[in-house]
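Student: Can you keep this structure in mind? I'll have questions shortly.
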Amino acid sequence: MKALALALKSPALLWRNGSRISGHLIVGLTLALVTLPQAVAFSVTLAGVPPHFGIYAAIWGVLFCALLNPSPVFHGGPNTAMSAAIGVTLLPLAPPFGAEYMGLALTLGLMAGLIQLLFFLVRPLGRMLDLISEPVINGMICGIGLFLIFKSLTTFGGLPLNTEVEWPLWIAWHSFLAVLEIGNLQAIEVGLVTLVTCVVAQQFDRLRNWAILLGIAAGTLWSQHLSAKLGLQNTLIEQIGNLSSIGLVWPSRPLFTQEAMPDIVAMVPGAVTLALLGLFQTVAAMRRMSRKVGGFTDSRKAIFSDAVTNCLLPFLSSLPSCASFNRMWLVHRLGIHSRITIAVSALLLLLLVLFFAGVIAVIPMPAMAAVIMLLGANMIKWQDIKPHLKSRGEATVFFASFLSVLFLDLFGAVVVGTILAIAYSKWEQAHPNISLRGNVLKIRGNIYYGSLPVIEATYHRAIDRLDQLVIDFSECNYIDPEGIRWLVGAKAGHKVGLIDRRSGEDRRIPDRREGEERRSGDEAAPAERRAGEDRRAALRRRTRDRRQRSEF
Amino acid sequence: MPAFAAKLIRIALPTAALGAVYLLALDQHAQREEVRQAAVTLTPGCVEKLARYDLKPGERYASPYVLQHTGDKTALRGYSEEDVRAIQRGCNIIDDTQGTLAAERGRERWHAARFIRGSHASCDHCHQGIGDKQDAAGNRLKGSLGLGASWVQADMYDRFTGLLLPFELRQMQCYINSSNGYKPNIADDVIRDVTAYSRFLSAALGLKIANHYEEQGIDEIAASDTLKQGDDYIRGEAIYKEKCIRCHGPQALGTFADGRVVAPALAGPNSWNMQSRNYFYYVSTILPGFICRNMPLGQENTLTNQECRDIAYYISNLPRPAGDKQGPLIALRQQILMGVLPPLVRLTGPGPAGSPPQAQARALPQGDD
């Protein structure tokens, strides 16, 4: 921001910073051009509202998020899952594209925004969103990448969209066959020209940032060439079309009338889904991308920015906004992490729509579909999948979330993945390491209601055999009231002694335990203790090495 | 150098893959075009139907049916050879959707069976008489889902969703609901040819655009059209065993003979799903309406309204696939029910009176339906 202000003041500085500013502009333009077709497609085909809803979301949604969200990689705007959720919620209530439908869509967005505000105000609710683990998010990203490829197939082949959302894999296969058999060959050519140009340009460092723009330009040129040769009425290549009717601001008002009340009440579950869909994606995408660039942003700030944005957008004829995995990926790949760039992209889109509607109009949709397919393919990265395959738990969670995106939906993926991830961590906690040496039963881990049956099994086997048993819980992290009651009960049996070799302070601060333990070794045999410590040290080294090897 | 080679590979591999896709697309397009140009082998039903309406290429078309029924000699614009082939293929698809009568099952029917989950469903199970059911005197029948009459109502507002549905989208609903399948792409030949055939039927029958004819759609039977005894599962089962079981089999799983469907499944994996409007719990007036006007074959309109509703209620209580929008849990439940219930009923219930259904099916006349 400072650089920009300075640059504006002094032409010399502007010259010096020229390359940086042009970098911002290129990335901003690429983002704007990539967002545009998504905005049009999401609003018309998924949400059932006119294209300006999506375009305003891509302008105002992105701008508000860039202003409110401190994360440098956050890119808001229209979103597939949210647009689809709007369509699914409203379709039974009113005919799409009608005035009532649009009013209800705005109301739905506002309700979702208010619910999101609740997630900001009630802190534990917001904290719940942090329980989505990294394999869940990466599984979702890979799933969404595939989904974007599938979803673009029909547009790529110049065919009408297949709006069916169930059985996405099967529909994708059908769409692929349809593209091969009845696709518009000219449209396929335009898409292929775009794809090949992008793929080639990506390989050269100088062209990398320009790759998508070059691809779109090549596709547009080829489509213009075909139209000139054969005539647009023969090629039938769909173009974005003229957007010149769209103005600077289009104020709107959500529908809150007495007659609409039953519909609004019926929309409440839909609004909750919409709010959660947005927040889950926002928190997950932001955390993932922040880690990728080595930064951190409090998820509460993202929740706040989303909530405020979504409360404002319904008054600007806009779809609700949330983080977009694919566009954030693009921001990351283009290598410029700055809120200015993202704000610039929103403003550029506004300028494009206002002043260059005629130029945008001839951009062919197959070229846009090709770009979206490329984005999808770039989201599936072996480097991100590989670390999850090393642990069985993580791999299961990863694949569950990946498959859930394809077989259920995004929300289903979040739920299934998160439940599995929590189940795995609980399973770990419920299986403490129990060792019986001589008459010492040592428990490493937690003593709580979940792990007690496991401990009891060994304990009873030991107590049947031995006259005297010592339970050593110096390496317990956590004992819940039930665990304490059990220990008290065991001690009351007169055969059991308890030891905890930590001093009072160390029972609360586990970090200092190591040093203290070395000083106060009286009960257990020294050799045995040393062996245990060696083992632990080796384990620590191994863990550290593994952590360094994987890039996370 | 290795970096350059890696770059070259990263460019060459995707380009080669995309080129292969393009070549494959060219090949598939050529094959489609070949089928479009090839002469059509009609099914026996279509030979008779199209000959009766005197379909042939020419400048003008005058329908013998219209001449006979109204005396109107007006000739309409005729059909090109390409149009005639499209109409013939459309007729084939309606008569034999699964392609059991075709030499090349998939190719000749535009792979229509690809969009159907079960192995039974064919358009003319519901749209009887190849979409144009008539009595012996050539009168069109009320509530017989005539395709010509449906086409002249080209765009209809859907009664349940309020959506404006063109004829092509209404065909898609057939694929999704009635055949428990998937939507073909709206630009697919399978949709276009059926539209061509339906349009030809409307011309051949002298139907006027935007008019409503009584053979269009279902003659729905609401509970208010009965003596209001309530719909009864037990009564329905009794009537089913008396009148329907002979063709449709003891658990309404349909019957086969010589690899062809004699009577389609009314329940089980080959039938319509739980989100079809044929499903009694979803829309309670449509299946009774169909039964009353179209069943049993050759004895239409003999069942009372109450009997039709009872039968429909009974059939809908038999296990069938879940609708796509009902989610994976209900789908799983229905799959388990469809797998477990029929053998259980076969084991525990009283066996069907008389001979096994296969033998009965063979004894039936081999009609279109």
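Identifiers in the structure tokens: chain A, B, ... in order shown; residue index from 1 per chain; ligand index from 1 in order shown.
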Output as a list in words the set of chain B residues within 6 Å of chain A, with distances taken over only C-alpha atoms.
Tutor: Ile11, Ala25, Gln28, His29, Thr161, Gly162 and Leu163 of chain B
Student: Please extract the residues of stretch 262-347 of chain B with a backbone DSSP assignment of alpha helix (DSSP H) and present them as number ranges by chain.
Tutor: B: 286-294, 305-316, 327-347
Student: Hey, can you check how far atom CA of B:Thr226 sits from atom CA of B:Gln173?
Tutor: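 Result for atom CA of B:Thr226 versus atom CA of B:Gln173: 28.9 Å, one decimal.
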Student: Neighbours of stretch 234-251 of chain B within 6 Å (only C-alpha atoms; same-chain residues fewer than 3 positions away dropped), as a list in words?
Tutor: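 Close residues of stretch 234-251 of chain B: Gly254, Thr255, Ala263, Asp310, Ile311, Tyr314 and Pro357 of chain B.
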Student: Dump C-alpha atoms for the selected residues as a PDB file, in the first residue's frame?
Tutor:
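Here's the written file result-v5.pdb:
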```
ATOM      1  CA  GLY B 254     -41.410 -58.147 -14.521  1.00  0.00           C
ATOM      2  CA  THR B 255     -41.162 -61.112 -16.861  1.00  0.00           C
ATOM      3  CA  ALA B 263     -44.059 -57.174 -18.950  1.00  0.00           C
ATOM      4  CA  ASP B 310     -55.453 -49.798  -4.368  1.00  0.00           C
ATOM      5  CA  ILE B 311     -53.216 -51.511  -6.914  1.00  0.00           C
ATOM      6  CA  TYR B 314     -49.766 -51.934  -3.250  1.00  0.00           C
ATOM      7  CA  PRO B 357     -44.247 -66.904 -14.356  1.00  0.00           C
TER       8      PRO B 357
END
```
Student: Determine, counting only C-alpha atoms, which protein, DNA and RNA residues have an atom within 7 Å of an atom of A:Ile447; residues of the same chain fewer than 5 positions away are not included. Present the result as a PyMOL selection string.
Tutor: chain A and resi 452+478-480+483
Student: Let's have the selection written as a PDB file, in the first residue's frame, with N, CA and C atoms.
Tutor:
```pdb
ATOM      1  N   LEU A 452      -9.842 -46.095  29.990  1.00  0.00           N
ATOM      2  CA  LEU A 452      -9.893 -46.938  31.184  1.00  0.00           C
ATOM      3  C   LEU A 452     -10.085 -48.420  30.873  1.00  0.00           C
ATOM      4  N   TYR A 478      -3.130 -36.500  31.031  1.00  0.00           N
ATOM      5  CA  TYR A 478      -4.447 -36.012  31.406  1.00  0.00           C
ATOM      6  C   TYR A 478      -5.184 -37.121  32.141  1.00  0.00           C
ATOM      7  N   ILE A 479      -5.742 -36.794  33.321  1.00  0.00           N
ATOM      8  CA  ILE A 479      -6.568 -37.759  34.054  1.00  0.00           C
ATOM      9  C   ILE A 479      -7.910 -37.089  34.316  1.00  0.00           C
ATOM     10  N   ASP A 480      -8.986 -37.700  33.876  1.00  0.00           N
ATOM     11  CA  ASP A 480     -10.288 -37.070  34.072  1.00  0.00           C
ATOM     12  C   ASP A 480     -10.887 -37.571  35.397  1.00  0.00           C
ATOM     13  N   GLY A 483     -11.167 -41.195  35.829  1.00  0.00           N
ATOM     14  CA  GLY A 483      -9.867 -41.827  36.014  1.00  0.00           C
ATOM     15  C   GLY A 483      -9.409 -41.722  37.454  1.00  0.00           C
TER      16      GLY A 483
END
```
Student: If we count only C-alpha atoms, what is near A:Pro314 at a cut-off of 12 Å, once residues fewer than 2 positions away on the same chain are taken out, given as a VMD selection string?
Tutor: chain A and resid 53 to 54 56 to 57 60 to 61 102 to 114 250 to 255 307 to 312 316 to 321
